[in-house]
Structures are given as C-alpha cells and as structure tokens.
Amino acid sequence: MEDKVKEIVEKLYNIKIDEIVLGKDYYILYDFNNVTYFWVKYSRDEKDLEELMPILNELYSLGRGVHIILPTKERKYLVNVDKNLYVLLQVNGLLTEKFSIYDILIDNDRYALNPVVKAKYQNNWADLWSKKIDYYEYQIRELGKDKEEIIKSFSYFVGLAEDAIAYVNMAFNDNENLKEVGNIVLAHRRVSYPNMKINFYNPLSFIVDYEVRDIGGYVKSAFWAGVDALDILENFLKYRKINSLEAKLLYARILYPSYYFDVYEDDMIDNEEIDKVVEITSNITELENFLVDVYYLINRYVTIPPIDWLIKKEL
C-alpha cells in the first residue's frame, strides 16, 4: 500500500516522496526537502470541508501554524481512492510540541470567528449523545454476548452518559430566561492530554463549538492520564470568567464518559481493548470522587446544580 500511496501523491500533487511510513491510521510522508505530510482518510461530510476552507485560508494568511490541506494539481482537496476519500496535509512545525490549557485559551483569544459563522452554530451535544447511546445499546444486544467486562460496566456508563445528556438539556432550559451566550470558538472534535500539536493543529479535527467543549475534554483526559486535572480546571476558571450556561455545559462535558465509549468501540471491533476496560472500571470510585470535586470547584466560581446521586454518595 505504501507504494500505491507514494505513486498517488507524486502523480496528483507533483511532490517527490523520499520516505513513507505507516502511522496508526494514516501515512507519514517525507519529501526530499524534509517536509512532512500526512495522507489521511477523510471521514467527515464533504460540506464540512467547504465550510472550513474559508476559515483555514484566513488562518493560513495570518501565519497560524495549522497543518495545510493541499489541493491536487487539478485544485481538488478530496481524492477518491478505492471508494474512500483522502486528503493530503502538509505538516506545520514540530509535531512533538505540546499545548497547555493556557495555549488553548490564548489561541482562542487570538482568533475570533466571523459573527456569521458563529450565528450558524446550533448546539447538538444532547442529540448526538442520545443517538450514540441508542446505537451502543442496540450493538451490545446484538454483538456483546461474549463481552463479559463490557456487559458488567455498560449500564453504569450509559447511566453516566444519560446524566450528561439531561444536564445539557437542563442547561439550555435554565438559560431560557437568562439568555446567556457561550463563547463559541474554533474548537476540536477531541482534545486529549497531553495536547500535541499533531492533533491540535489538524484542520480535520476543527469544529465550531463552545470553548468549554475543548476544556472539558482536556480536563477529563488529564484525569485519566493521572495528572492533577483539578489544578488544570482551576487554572481555566481563574483565567476565563464563564457564565452559568458555560459552567453547566463544561460539567456536562466532563460527565460524559467518552473515554469509556472509545474503548468500547475499539473492543467491539478488534477485541484488543479489554485491559483498558478493566482499567476504567477498576477506577470508578476515583472517577466519582473526581466528578464530585469538579462540581464543588466549578461552584466556587459559578453556581450549578448537583447530580443528586453523586453528591449523596459523597455525603
């Protein structure tokens, strides 16, 4: 496959490739000038790319370090290979560079989305999460008969997800009278800890959303990485004055167990993630303590309602 990718890139982009390496789910290519490229399968809606390109072109013109989506010689950004779409990214800067919570916030302060783009945004976390849960529940009934560790823990994390969904819905219902506006930024589908440039400046990850989406994901990932996630969260709350709507959405984002469903999906496909399932389920007490601590920490800055069963358990 490496030879085929090399041939496609050289033919369509007129780039002579010196070396090609298979990554996790993409190819890393180097040309003779030591420029790095990623050949990546495009898994988003084609319309997403149309809407993103004006934003990306603006970022490029501002000299921001985002990876560049290269057009072919025929000025096409998407390439169809064996009925799959691919893009070629030119990597910008050092991939090993890490972005802290402050880097995320400063990045958002430096680049303001066009008001027209912001106005188009409609929050759909609760709807998307609900559809995912419905699919997971169907999948576990049909395919999960031999997934003992998954079966033992599945209901618990679905319950946690349903709490997060209810919390999002409550946040917007409570906001009907307040009419608060959240900080909408060029966010990311996923922000992990450590937050590497290879991911943070990947335009295929960009999404217009609330700033607290990235913060919640970063804090949640930091907890599972074994670092002081509460300190990271407090640094955010000291830096950015958030309103009631944003505080509730932040807590909902931290509540939602994306880490579990990521492992669940991998295990359902390749049966190789069972150790990670066990690692998560063996730390449920620590997780609950963390979620309680997050609740009290956010309440030092903005009042948000409790998840009753969590707070009662803690008392």
# chains A, B, ... in the order shown; residues from 1 in each chain; ligands from 1
$ residues_around --residues "His67 of chain A" --least-positions-apart "2" --cutoff "7 Å" --atoms "only C-alpha atoms" --output "VMD selection string"
chain A and resid 65 69 89 to 92 201 to 203
$ write_last_selection --atoms "C-alpha atoms" --output "PDB file, in the first residue's frame"
ATOM      1  CA  GLY A  65       0.562  27.008  12.492  1.00  0.00           C
ATOM      2  CA  ILE A  69      -4.785  20.874   3.343  1.00  0.00           C
ATOM      3  CA  LEU A  89      -1.902  17.530   4.830  1.00  0.00           C
ATOM      4  CA  GLN A  90       1.368  19.439   4.899  1.00  0.00           C
ATOM      5  CA  VAL A  91       2.562  19.437   8.491  1.00  0.00           C
ATOM      6  CA  ASN A  92       3.383  22.779  10.061  1.00  0.00           C
ATOM      7  CA  TYR A 201      -3.479  21.959  14.607  1.00  0.00           C
ATOM      8  CA  ASN A 202      -5.047  19.249  12.458  1.00  0.00           C
ATOM      9  CA  PRO A 203      -7.795  21.039  10.474  1.00  0.00           C
TER      10      PRO A 203
END
$ residues_around --residues "segment 15-31 of chain A" --least-positions-apart "5" --cutoff "7 Å" --atoms "only C-alpha atoms" --output "list in words"
Glu2, Lys6, Val9, Glu10, Thr36, Tyr37, Phe38, Trp39 and Val40 of chain A
$ write_last_selection --atoms "C-alpha atoms" --output "PDB file, in the first residue's frame"
ATOM      1  CA  GLU A   2       2.919   2.351   0.708  1.00  0.00           C
ATOM      2  CA  LYS A   6       3.590   7.215  -2.967  1.00  0.00           C
ATOM      3  CA  VAL A   9       0.838  11.614  -4.179  1.00  0.00           C
ATOM      4  CA  GLU A  10       3.614  12.029  -6.721  1.00  0.00           C
ATOM      5  CA  THR A  36       6.396  16.180   6.322  1.00  0.00           C
ATOM      6  CA  TYR A  37       2.952  15.234   5.001  1.00  0.00           C
ATOM      7  CA  PHE A  38       0.048  13.137   6.206  1.00  0.00           C
ATOM      8  CA  TRP A  39      -2.070  11.073   3.829  1.00  0.00           C
ATOM      9  CA  VAL A  40      -5.320  10.712   5.771  1.00  0.00           C
TER      10      VAL A  40
END
$ closest_residue --among "A:Ala126, A:Leu160, A:Met170, A:Leu249" --to "Ile284 of chain A" --atoms "only C-alpha atoms"
A:Leu160
$ select_by_dssp --residues "segment 164-232 of chain A" --states "helix (DSSP H, G or I)" --output "PyMOL selection string"
chain A and resi 164-178+197-200+203-205+211-224+229-232
$ write_last_selection --atoms "N, CA and C atoms" --output "compact mmCIF listing (two decimals), in the first residue's frame"
# COMPACT_ATOMS: atom_id res chain seq x y z
N ALA A 164 -25.28 13.20 31.70
CA ALA A 164 -24.68 14.30 30.93
C ALA A 164 -25.68 14.87 29.93
N ILE A 165 -26.44 14.01 29.28
CA ILE A 165 -27.46 14.45 28.32
C ILE A 165 -28.53 15.29 29.02
N ALA A 166 -29.00 14.79 30.17
CA ALA A 166 -30.01 15.54 30.93
C ALA A 166 -29.46 16.88 31.39
N TYR A 167 -28.18 16.92 31.72
CA TYR A 167 -27.55 18.15 32.20
C TYR A 167 -27.47 19.19 31.08
N VAL A 168 -27.15 18.74 29.87
CA VAL A 168 -27.13 19.66 28.72
C VAL A 168 -28.51 20.23 28.48
N ASN A 169 -29.52 19.36 28.47
CA ASN A 169 -30.89 19.83 28.24
C ASN A 169 -31.32 20.81 29.32
N MET A 170 -30.97 20.51 30.56
CA MET A 170 -31.30 21.38 31.67
C MET A 170 -30.60 22.73 31.52
N ALA A 171 -29.35 22.71 31.05
CA ALA A 171 -28.59 23.95 30.89
C ALA A 171 -29.31 24.90 29.95
N PHE A 172 -29.81 24.38 28.86
CA PHE A 172 -30.50 25.25 27.90
C PHE A 172 -31.90 25.63 28.36
N ASN A 173 -32.56 24.75 29.09
CA ASN A 173 -33.87 25.11 29.65
C ASN A 173 -33.72 26.22 30.68
N ASP A 174 -32.69 26.09 31.54
CA ASP A 174 -32.44 27.13 32.55
C ASP A 174 -32.07 28.45 31.90
N ASN A 175 -31.48 28.38 30.72
CA ASN A 175 -30.99 29.58 30.05
C ASN A 175 -32.09 30.35 29.31
N GLU A 176 -33.29 29.79 29.25
CA GLU A 176 -34.37 30.46 28.52
C GLU A 176 -34.62 31.86 29.05
N ASN A 177 -34.56 32.02 30.36
CA ASN A 177 -34.80 33.33 30.95
C ASN A 177 -33.52 34.19 30.99
N LEU A 178 -32.38 33.52 31.22
CA LEU A 178 -31.13 34.26 31.34
C LEU A 178 -30.63 34.77 29.99
N LYS A 197 0.62 19.06 19.18
CA LYS A 197 0.37 19.89 18.00
C LYS A 197 -0.12 19.07 16.83
N ILE A 198 0.34 17.84 16.72
CA ILE A 198 -0.08 16.97 15.62
C ILE A 198 -1.60 16.86 15.57
N ASN A 199 -2.23 16.91 16.74
CA ASN A 199 -3.69 16.81 16.81
C ASN A 199 -4.35 18.19 16.86
N PHE A 200 -3.79 19.09 17.67
CA PHE A 200 -4.43 20.37 17.93
C PHE A 200 -4.49 21.26 16.68
N PRO A 203 -6.53 20.41 10.87
CA PRO A 203 -7.80 21.04 10.47
C PRO A 203 -8.95 20.06 10.34
N LEU A 204 -8.65 18.78 10.16
CA LEU A 204 -9.72 17.79 10.05
C LEU A 204 -10.42 17.58 11.39
N SER A 205 -9.81 18.09 12.46
CA SER A 205 -10.40 17.99 13.79
C SER A 205 -11.21 19.23 14.16
N GLU A 211 -16.26 26.94 23.63
CA GLU A 211 -14.89 26.77 24.12
C GLU A 211 -14.82 25.69 25.19
N VAL A 212 -15.85 25.57 26.00
CA VAL A 212 -15.82 24.59 27.09
C VAL A 212 -15.81 23.15 26.58
N ARG A 213 -16.13 22.95 25.31
CA ARG A 213 -16.01 21.60 24.74
C ARG A 213 -14.57 21.11 24.85
N ASP A 214 -13.62 21.94 24.38
CA ASP A 214 -12.21 21.57 24.43
C ASP A 214 -11.70 21.48 25.87
N ILE A 215 -12.14 22.42 26.70
CA ILE A 215 -11.66 22.44 28.09
C ILE A 215 -12.12 21.18 28.82
N GLY A 216 -13.40 20.83 28.65
CA GLY A 216 -13.92 19.64 29.30
C GLY A 216 -13.19 18.38 28.86
N GLY A 217 -12.93 18.28 27.56
CA GLY A 217 -12.22 17.11 27.05
C GLY A 217 -10.79 17.03 27.57
N TYR A 218 -10.13 18.17 27.64
CA TYR A 218 -8.74 18.23 28.11
C TYR A 218 -8.66 17.84 29.59
N VAL A 219 -9.57 18.38 30.40
CA VAL A 219 -9.59 18.09 31.83
C VAL A 219 -9.90 16.62 32.07
N LYS A 220 -10.88 16.11 31.37
CA LYS A 220 -11.28 14.71 31.52
C LYS A 220 -10.14 13.76 31.14
N SER A 221 -9.47 14.08 30.04
CA SER A 221 -8.35 13.26 29.59
C SER A 221 -7.19 13.34 30.58
N ALA A 222 -6.97 14.53 31.17
CA ALA A 222 -5.89 14.70 32.14
C ALA A 222 -6.12 13.82 33.36
N PHE A 223 -7.39 13.71 33.79
CA PHE A 223 -7.69 12.84 34.93
C PHE A 223 -7.24 11.42 34.64
N TRP A 224 -7.58 10.90 33.47
CA TRP A 224 -7.23 9.51 33.15
C TRP A 224 -5.74 9.36 32.87
N ALA A 229 -5.82 17.05 37.30
CA ALA A 229 -6.83 17.64 36.41
C ALA A 229 -7.58 18.78 37.08
N LEU A 230 -7.73 18.71 38.40
CA LEU A 230 -8.43 19.78 39.12
C LEU A 230 -7.63 21.08 39.06
N ASP A 231 -6.32 20.97 39.11
CA ASP A 231 -5.48 22.16 39.00
C ASP A 231 -5.61 22.78 37.62
N ILE A 232 -5.66 21.95 36.60
CA ILE A 232 -5.85 22.44 35.24
C ILE A 232 -7.19 23.15 35.12
$ residues_around --residues "Val294 of chain A" --least-positions-apart "3" --cutoff "8 Å" --atoms "only C-alpha atoms" --output "list in words"
Leu230, Tyr251, Phe290, Leu291, Leu297 and Ile298 of chain A
$ atom_distance --atom1 "atom CA of Glu7 of chain A" --atom2 "atom CA of Gly93 of chain A"
25.4 Å
$ decode --residues "segment 133-153 of chain A" --atoms "N, CA and C atoms" --output "PDB file, in the first residue's frame"
ATOM      1  N   ILE A 133     -25.898   6.570  22.199  1.00  0.00           N
ATOM      2  CA  ILE A 133     -26.312   5.624  23.233  1.00  0.00           C
ATOM      3  C   ILE A 133     -27.307   4.619  22.669  1.00  0.00           C
ATOM      4  N   ASP A 134     -28.257   5.091  21.876  1.00  0.00           N
ATOM      5  CA  ASP A 134     -29.224   4.176  21.245  1.00  0.00           C
ATOM      6  C   ASP A 134     -28.505   3.138  20.397  1.00  0.00           C
ATOM      7  N   TYR A 135     -27.479   3.582  19.649  1.00  0.00           N
ATOM      8  CA  TYR A 135     -26.734   2.663  18.795  1.00  0.00           C
ATOM      9  C   TYR A 135     -25.932   1.668  19.644  1.00  0.00           C
ATOM     10  N   TYR A 136     -25.272   2.169  20.692  1.00  0.00           N
ATOM     11  CA  TYR A 136     -24.488   1.284  21.545  1.00  0.00           C
ATOM     12  C   TYR A 136     -25.373   0.230  22.204  1.00  0.00           C
ATOM     13  N   GLU A 137     -26.562   0.623  22.637  1.00  0.00           N
ATOM     14  CA  GLU A 137     -27.470  -0.322  23.285  1.00  0.00           C
ATOM     15  C   GLU A 137     -27.939  -1.388  22.304  1.00  0.00           C
ATOM     16  N   TYR A 138     -28.186  -0.983  21.063  1.00  0.00           N
ATOM     17  CA  TYR A 138     -28.543  -1.960  20.026  1.00  0.00           C
ATOM     18  C   TYR A 138     -27.364  -2.896  19.768  1.00  0.00           C
ATOM     19  N   GLN A 139     -26.173  -2.319  19.676  1.00  0.00           N
ATOM     20  CA  GLN A 139     -24.979  -3.096  19.360  1.00  0.00           C
ATOM     21  C   GLN A 139     -24.668  -4.123  20.450  1.00  0.00           C
ATOM     22  N   ILE A 140     -24.796  -3.699  21.709  1.00  0.00           N
ATOM     23  CA  ILE A 140     -24.463  -4.616  22.800  1.00  0.00           C
ATOM     24  C   ILE A 140     -25.447  -5.781  22.852  1.00  0.00           C
ATOM     25  N   ARG A 141     -26.705  -5.533  22.475  1.00  0.00           N
ATOM     26  CA  ARG A 141     -27.696  -6.615  22.436  1.00  0.00           C
ATOM     27  C   ARG A 141     -27.371  -7.618  21.333  1.00  0.00           C
ATOM     28  N   GLU A 142     -26.890  -7.092  20.203  1.00  0.00           N
ATOM     29  CA  GLU A 142     -26.665  -7.961  19.047  1.00  0.00           C
ATOM     30  C   GLU A 142     -25.291  -8.622  19.040  1.00  0.00           C
ATOM     31  N   LEU A 143     -24.269  -7.908  19.536  1.00  0.00           N
ATOM     32  CA  LEU A 143     -22.891  -8.376  19.378  1.00  0.00           C
ATOM     33  C   LEU A 143     -22.132  -8.581  20.676  1.00  0.00           C
ATOM     34  N   GLY A 144     -22.746  -8.238  21.795  1.00  0.00           N
ATOM     35  CA  GLY A 144     -21.983  -8.196  23.034  1.00  0.00           C
ATOM     36  C   GLY A 144     -22.097  -9.418  23.925  1.00  0.00           C
ATOM     37  N   LYS A 145     -22.605 -10.520  23.401  1.00  0.00           N
ATOM     38  CA  LYS A 145     -22.871 -11.685  24.247  1.00  0.00           C
ATOM     39  C   LYS A 145     -21.617 -12.247  24.914  1.00  0.00           C
ATOM     40  N   ASP A 146     -20.461 -12.133  24.257  1.00  0.00           N
ATOM     41  CA  ASP A 146     -19.216 -12.667  24.824  1.00  0.00           C
ATOM     42  C   ASP A 146     -18.322 -11.572  25.396  1.00  0.00           C
ATOM     43  N   LYS A 147     -18.857 -10.375  25.557  1.00  0.00           N
ATOM     44  CA  LYS A 147     -18.076  -9.248  26.070  1.00  0.00           C
ATOM     45  C   LYS A 147     -18.358  -9.069  27.564  1.00  0.00           C
ATOM     46  N   GLU A 148     -17.834  -9.979  28.370  1.00  0.00           N
ATOM     47  CA  GLU A 148     -18.187 -10.020  29.790  1.00  0.00           C
ATOM     48  C   GLU A 148     -17.855  -8.722  30.515  1.00  0.00           C
ATOM     49  N   GLU A 149     -16.643  -8.188  30.328  1.00  0.00           N
ATOM     50  CA  GLU A 149     -16.253  -6.969  31.029  1.00  0.00           C
ATOM     51  C   GLU A 149     -17.083  -5.774  30.576  1.00  0.00           C
ATOM     52  N   ILE A 150     -17.375  -5.725  29.283  1.00  0.00           N
ATOM     53  CA  ILE A 150     -18.220  -4.653  28.757  1.00  0.00           C
ATOM     54  C   ILE A 150     -19.623  -4.746  29.349  1.00  0.00           C
ATOM     55  N   ILE A 151     -20.187  -5.939  29.360  1.00  0.00           N
ATOM     56  CA  ILE A 151     -21.554  -6.134  29.858  1.00  0.00           C
ATOM     57  C   ILE A 151     -21.661  -5.706  31.323  1.00  0.00           C
ATOM     58  N   LYS A 152     -20.631  -6.016  32.123  1.00  0.00           N
ATOM     59  CA  LYS A 152     -20.669  -5.683  33.552  1.00  0.00           C
ATOM     60  C   LYS A 152     -20.662  -4.182  33.792  1.00  0.00           C
ATOM     61  N   SER A 153     -20.024  -3.424  32.915  1.00  0.00           N
ATOM     62  CA  SER A 153     -19.848  -1.993  33.150  1.00  0.00           C
ATOM     63  C   SER A 153     -20.738  -1.117  32.277  1.00  0.00           C
TER      64      SER A 153
END
